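First up is the structure itself, then whatever we jot down about it.
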Amino acid sequence: MKLNSLLNAFGRSVSEAGAEQSTNFRWWDLTTRCVPPCRLDLTYNRIAQLVVVLLCAFTLKQGYSTASANELRWILAPTTFLVELVSGRAFRFESHAGYITSDRTFVIAASCAGVNFLITSFLMLSLRKLWRDRAQYVAWRFIPLAAVFAYLATLVANTVRISTALRLQRMHLETSWLSGNQLHRFEGIFIYFGFLLFLFMVSESTSENALGSANASHVEITSRSKTVSRAETASGLLRRSFFPLLIYYATTLGIPLAHGAYRTGTVATDFWEHSLFVFLTPFLLILPLAAFSFLRVLGESLFLSNAKCINRSEIPQSGD
C-alpha cells in the first residue's frame, strides 16, 4: 500500500510538472535536438533574402547603365508630371532625348531619372530591415515594400532636385569657386543624400514607435525613463545615420571604382572631381545632425540633474 501511494504521488508530481512546463513554454528551454534546425532555417531564410535584395539592385543597376530615355519613362514620366505641377513649366517628350521644355533650354534626360538614388534607397531600407530584425523571422513582403517606398522617395527627390535646378537656371547663379556644372552637381548630391537621410530617420522612427507601442502595455514608463530613452534614441540615431552614408558611398563610389572609372582620361578626371563632391557634401548634413543630437542629449542631461537637485531639496531633514 505504501509503495502504491508513493508511486501515485510521484506520478501526480510528474504530470503537474509537465503541465506547468507546457504552459510556461520558452524557446530557450528547448533541447539541443530541436534548436539547431530552427536556427538553421532562420539562417537560410536570411541568406536567401539577402541574395534576392542584392540581385534586384544589381539587375536594376545593369539595366540602367544601358537604358535610354525611352526605356526609363516608367520613372521619367511621373517625375516630369510632378515637376510641371511644382514649377509651372511645360515639357514635351522627344524620343531618345527625354522631356524638353518648350524653349528647349532644359531637358530631363536619362541621367536625371534618379535610378542610382532608387537603388541606394532600396538597399538601405532592405539591408537595415535584415540587420535590425536579424534575430527573428522576417516575411518576404518587406522586399516589395522597400521597393515601393524607395520608388516614391525617388519621385519626390527627383522633383525637388529638378525644380531647384530650374530655379537656379533662371537665377544664373554662379560663385567664384564653383562653376555652373559644379553647382548643379553639389545641389544634386545635397538633395539626394538629404532625402536618403530623411528616409532613414523616418524608417527608424517608425520601427522604434512600433516597438514602443508593443511594449507599452508591459512596462511602466516614468518621466525620467522617458527622458533617458529620448536621449539614448537621439545619440543612437546619430550613430546609425552613418549606415545610409556607407550605403551611399558604396553605390556612388564603390560601384564606379569596381568598373574602372578611375582610369586615365577626361572621364577619370571628371570622376575624381565627382568623388570629391560625393565624399564631402554629405557631411554638411551629418555635422548639423551631430550638433543637434549633442545639444539635445546635453540639455536633457542637465534637466535630469536639476530634477534630482529639486527632489533632494524637497526631502524634509530629520531635525525639522
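Convention: chains lettered A, B, ... in C-alpha cells order; per-chain residue numbering from 1; ligands numbered from 1 as shown.
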Contacts of region 158-167 of chain A at 10 Å (only C-alpha atoms; same-chain gap of 5+ positions) as number ranges by chain: A: 75-76, 78-89, 105-108, 112-115, 117, 152-153, 172-173, 183-185, 187-192, 195
Interatomic distance (Å, one decimal) between CA of Trp131 (chain A) and CA of Arg240 (chain A):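 So the answer is 11.9 Å.
CA of Ala147 (chain A) is positioned 16.5 Å from CA of Phe198 (chain A).
The environment of region 280-286 of chain A within 7 Å, counting only C-alpha atoms and disregarding residues fewer than 2 places along the same chain, consists of Ile189, Phe190, Phe193, Gly194, Leu276, Phe277, Val278, Pro288, Leu289 and Ala290 of chain A.
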Kindly save the residues from that selection, with N, CA and C atoms included, as a PDB file, in the first residue's frame.
```pdb
ATOM      1  N   ILE A 189      23.760  66.245 -55.215  1.00  0.00           N
ATOM      2  CA  ILE A 189      24.253  65.382 -54.133  1.00  0.00           C
ATOM      3  C   ILE A 189      23.634  65.786 -52.799  1.00  0.00           C
ATOM      4  N   PHE A 190      23.550  67.078 -52.562  1.00  0.00           N
ATOM      5  CA  PHE A 190      22.995  67.575 -51.300  1.00  0.00           C
ATOM      6  C   PHE A 190      21.531  67.153 -51.152  1.00  0.00           C
ATOM      7  N   PHE A 193      21.222  63.035 -50.964  1.00  0.00           N
ATOM      8  CA  PHE A 193      21.619  62.469 -49.677  1.00  0.00           C
ATOM      9  C   PHE A 193      20.738  62.992 -48.552  1.00  0.00           C
ATOM     10  N   GLY A 194      20.268  64.220 -48.663  1.00  0.00           N
ATOM     11  CA  GLY A 194      19.345  64.736 -47.665  1.00  0.00           C
ATOM     12  C   GLY A 194      18.066  63.912 -47.603  1.00  0.00           C
ATOM     13  N   LEU A 276      35.020  63.718 -55.088  1.00  0.00           N
ATOM     14  CA  LEU A 276      35.294  64.675 -54.021  1.00  0.00           C
ATOM     15  C   LEU A 276      34.003  65.315 -53.514  1.00  0.00           C
ATOM     16  N   PHE A 277      33.108  65.670 -54.431  1.00  0.00           N
ATOM     17  CA  PHE A 277      31.817  66.235 -54.034  1.00  0.00           C
ATOM     18  C   PHE A 277      30.991  65.200 -53.265  1.00  0.00           C
ATOM     19  N   VAL A 278      30.991  63.954 -53.755  1.00  0.00           N
ATOM     20  CA  VAL A 278      30.214  62.900 -53.111  1.00  0.00           C
ATOM     21  C   VAL A 278      30.729  62.622 -51.706  1.00  0.00           C
ATOM     22  N   PRO A 288      25.529  68.973 -38.805  1.00  0.00           N
ATOM     23  CA  PRO A 288      24.437  69.621 -38.061  1.00  0.00           C
ATOM     24  C   PRO A 288      23.594  68.626 -37.264  1.00  0.00           C
ATOM     25  N   LEU A 289      23.390  67.427 -37.814  1.00  0.00           N
ATOM     26  CA  LEU A 289      22.658  66.411 -37.067  1.00  0.00           C
ATOM     27  C   LEU A 289      23.423  66.007 -35.812  1.00  0.00           C
ATOM     28  N   ALA A 290      24.755  65.910 -35.926  1.00  0.00           N
ATOM     29  CA  ALA A 290      25.571  65.571 -34.761  1.00  0.00           C
ATOM     30  C   ALA A 290      25.499  66.667 -33.707  1.00  0.00           C
TER      31      ALA A 290
END
```
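We find CA of Tyr99 (chain A) and CA of Pro256 (chain A) to be spaced 26.7 Å apart.
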DSSP-assigned alpha helix (DSSP H) among region 111-221 of chain A, expressed as a PyMOL selection string: chain A and resi 115-132+142-171+180-215
Thr120 (chain A) surroundings by only C-alpha atoms, 12 Å radius, close-in-sequence under 3 positions cut, as an NGL selection string: :A and (53-54 or 56-58 or 60-61 or 114-117 or 123-128 or 146-147 or 149-151 or 153-154 or 192-193 or 195-197 or 199-200 or 243-253 or 255)
Write a file of the just-selected residues containing N, CA and C atoms, as a tab-separated table (two decimals), in the first residue's frame.
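Printed below is again-v4.tsv as written:
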```tsv
chain	number	residue	atom	x	y	z
A	53	VAL	N	17.78	40.58	-52.48
A	53	VAL	CA	17.93	42.04	-52.42
A	53	VAL	C	19.10	42.50	-53.27
A	54	LEU	N	20.25	41.87	-53.11
A	54	LEU	CA	21.44	42.25	-53.88
A	54	LEU	C	21.25	41.98	-55.37
A	56	CYS	N	18.38	42.05	-57.02
A	56	CYS	CA	17.48	43.09	-57.54
A	56	CYS	C	18.24	44.38	-57.80
A	57	ALA	N	19.08	44.78	-56.85
A	57	ALA	CA	19.85	46.01	-57.01
A	57	ALA	C	20.83	45.89	-58.18
A	58	PHE	N	21.50	44.75	-58.30
A	58	PHE	CA	22.45	44.54	-59.39
A	58	PHE	C	21.76	44.55	-60.75
A	60	LEU	N	18.90	46.03	-61.57
A	60	LEU	CA	18.46	47.39	-61.89
A	60	LEU	C	19.64	48.27	-62.30
A	61	LYS	N	20.77	48.10	-61.63
A	61	LYS	CA	21.95	48.88	-61.97
A	61	LYS	C	22.45	48.54	-63.37
A	114	GLY	N	17.31	59.45	-61.59
A	114	GLY	CA	17.49	59.17	-60.16
A	114	GLY	C	17.48	57.69	-59.82
A	115	VAL	N	17.84	56.84	-60.79
A	115	VAL	CA	17.82	55.40	-60.54
A	115	VAL	C	18.89	55.01	-59.52
A	116	ASN	N	20.02	55.70	-59.53
A	116	ASN	CA	21.04	55.41	-58.51
A	116	ASN	C	20.51	55.69	-57.10
A	117	PHE	N	19.74	56.76	-56.97
A	117	PHE	CA	19.12	57.04	-55.66
A	117	PHE	C	18.09	55.98	-55.33
A	123	LEU	N	18.41	49.51	-51.17
A	123	LEU	CA	19.42	48.77	-50.41
A	123	LEU	C	19.42	49.19	-48.94
A	124	MET	N	19.31	50.48	-48.70
A	124	MET	CA	19.35	50.97	-47.33
A	124	MET	C	18.16	50.43	-46.52
A	125	LEU	N	16.96	50.50	-47.07
A	125	LEU	CA	15.78	50.02	-46.36
A	125	LEU	C	15.82	48.50	-46.16
A	126	SER	N	16.23	47.79	-47.19
A	126	SER	CA	16.22	46.32	-47.12
A	126	SER	C	17.30	45.80	-46.18
A	127	LEU	N	18.53	46.29	-46.34
A	127	LEU	CA	19.62	45.79	-45.51
A	127	LEU	C	19.42	46.19	-44.05
A	128	ARG	N	18.88	47.37	-43.82
A	128	ARG	CA	18.62	47.79	-42.44
A	128	ARG	C	17.55	46.91	-41.80
A	146	ALA	N	9.89	47.70	-49.55
A	146	ALA	CA	11.06	48.57	-49.64
A	146	ALA	C	11.20	49.15	-51.03
A	147	ALA	N	10.90	48.36	-52.07
A	147	ALA	CA	10.97	48.86	-53.44
A	147	ALA	C	9.95	49.97	-53.69
A	149	PHE	N	8.50	52.03	-51.40
A	149	PHE	CA	8.88	53.23	-50.66
A	149	PHE	C	10.09	53.91	-51.30
A	150	ALA	N	11.03	53.13	-51.79
A	150	ALA	CA	12.20	53.71	-52.45
A	150	ALA	C	11.78	54.41	-53.74
A	151	TYR	N	10.84	53.83	-54.47
A	151	TYR	CA	10.37	54.46	-55.72
A	151	TYR	C	9.66	55.78	-55.43
A	153	ALA	N	10.03	57.71	-52.78
A	153	ALA	CA	11.03	58.67	-52.31
A	153	ALA	C	11.85	59.21	-53.49
A	154	THR	N	12.11	58.38	-54.48
A	154	THR	CA	12.86	58.83	-55.66
A	154	THR	C	12.08	59.86	-56.45
A	192	TYR	N	19.85	64.70	-52.83
A	192	TYR	CA	19.66	63.25	-52.81
A	192	TYR	C	20.07	62.64	-51.48
A	193	PHE	N	21.22	63.03	-50.96
A	193	PHE	CA	21.62	62.47	-49.68
A	193	PHE	C	20.74	62.99	-48.55
A	195	PHE	N	17.53	63.56	-48.76
A	195	PHE	CA	16.33	62.73	-48.78
A	195	PHE	C	16.64	61.31	-48.31
A	196	LEU	N	17.82	60.81	-48.62
A	196	LEU	CA	18.20	59.47	-48.14
A	196	LEU	C	18.27	59.45	-46.62
A	197	LEU	N	18.87	60.48	-46.04
A	197	LEU	CA	18.96	60.57	-44.59
A	197	LEU	C	17.59	60.74	-43.96
A	199	LEU	N	14.71	59.69	-45.23
A	199	LEU	CA	14.03	58.41	-45.37
A	199	LEU	C	14.49	57.43	-44.30
A	200	PHE	N	15.79	57.44	-44.02
A	200	PHE	CA	16.33	56.56	-42.99
A	200	PHE	C	15.78	56.92	-41.61
A	243	PHE	N	25.02	54.60	-41.28
A	243	PHE	CA	24.66	53.45	-42.13
A	243	PHE	C	24.23	53.91	-43.52
A	244	PRO	N	23.28	54.86	-43.68
A	244	PRO	CA	22.96	55.33	-45.03
A	244	PRO	C	24.15	55.99	-45.72
A	245	LEU	N	25.04	56.59	-44.94
A	245	LEU	CA	26.23	57.18	-45.54
A	245	LEU	C	27.11	56.11	-46.18
A	246	LEU	N	27.28	54.98	-45.49
A	246	LEU	CA	28.08	53.89	-46.04
A	246	LEU	C	27.42	53.29	-47.28
A	247	ILE	N	26.11	53.13	-47.25
A	247	ILE	CA	25.39	52.62	-48.42
A	247	ILE	C	25.52	53.60	-49.59
A	248	TYR	N	25.44	54.89	-49.29
A	248	TYR	CA	25.57	55.92	-50.33
A	248	TYR	C	26.96	55.89	-50.95
A	249	TYR	N	27.98	55.78	-50.12
A	249	TYR	CA	29.34	55.69	-50.65
A	249	TYR	C	29.54	54.43	-51.49
A	250	ALA	N	28.94	53.32	-51.05
A	250	ALA	CA	29.13	52.05	-51.77
A	250	ALA	C	28.52	52.12	-53.16
A	251	THR	N	27.35	52.76	-53.30
A	251	THR	CA	26.68	52.79	-54.60
A	251	THR	C	27.21	53.90	-55.51
A	252	THR	N	27.63	55.02	-54.95
A	252	THR	CA	28.07	56.15	-55.78
A	252	THR	C	29.58	56.15	-56.03
A	253	LEU	N	30.34	55.51	-55.15
A	253	LEU	CA	31.80	55.47	-55.32
A	253	LEU	C	32.32	54.05	-55.52
A	255	ILE	N	30.83	51.17	-56.62
A	255	ILE	CA	30.49	50.52	-57.89
A	255	ILE	C	31.25	51.14	-59.06
```
Close residues, region 44-51 of chain A itself excluded, 8 Å, only C-alpha atoms, min 5 positions apart in chain, as a VMD selection string: chain A and resid 127 130 134 138 140
Store the residues picked out above, limited to N, CA and C atoms, as a PDB file, in the first residue's frame.
```pdb
ATOM      1  N   LEU A 127      18.527  46.285 -46.345  1.00  0.00           N
ATOM      2  CA  LEU A 127      19.616  45.794 -45.505  1.00  0.00           C
ATOM      3  C   LEU A 127      19.420  46.187 -44.049  1.00  0.00           C
ATOM      4  N   LEU A 130      16.912  43.751 -42.579  1.00  0.00           N
ATOM      5  CA  LEU A 130      17.508  42.441 -42.323  1.00  0.00           C
ATOM      6  C   LEU A 130      18.414  42.475 -41.095  1.00  0.00           C
ATOM      7  N   ARG A 134      17.444  40.702 -37.321  1.00  0.00           N
ATOM      8  CA  ARG A 134      18.240  39.511 -37.632  1.00  0.00           C
ATOM      9  C   ARG A 134      17.958  38.349 -36.689  1.00  0.00           C
ATOM     10  N   VAL A 138      11.670  37.213 -40.693  1.00  0.00           N
ATOM     11  CA  VAL A 138      11.229  38.373 -41.457  1.00  0.00           C
ATOM     12  C   VAL A 138      10.481  37.875 -42.690  1.00  0.00           C
ATOM     13  N   TRP A 140       8.817  37.802 -46.388  1.00  0.00           N
ATOM     14  CA  TRP A 140       9.382  38.223 -47.673  1.00  0.00           C
ATOM     15  C   TRP A 140       8.737  39.490 -48.222  1.00  0.00           C
TER      16      TRP A 140
END
```
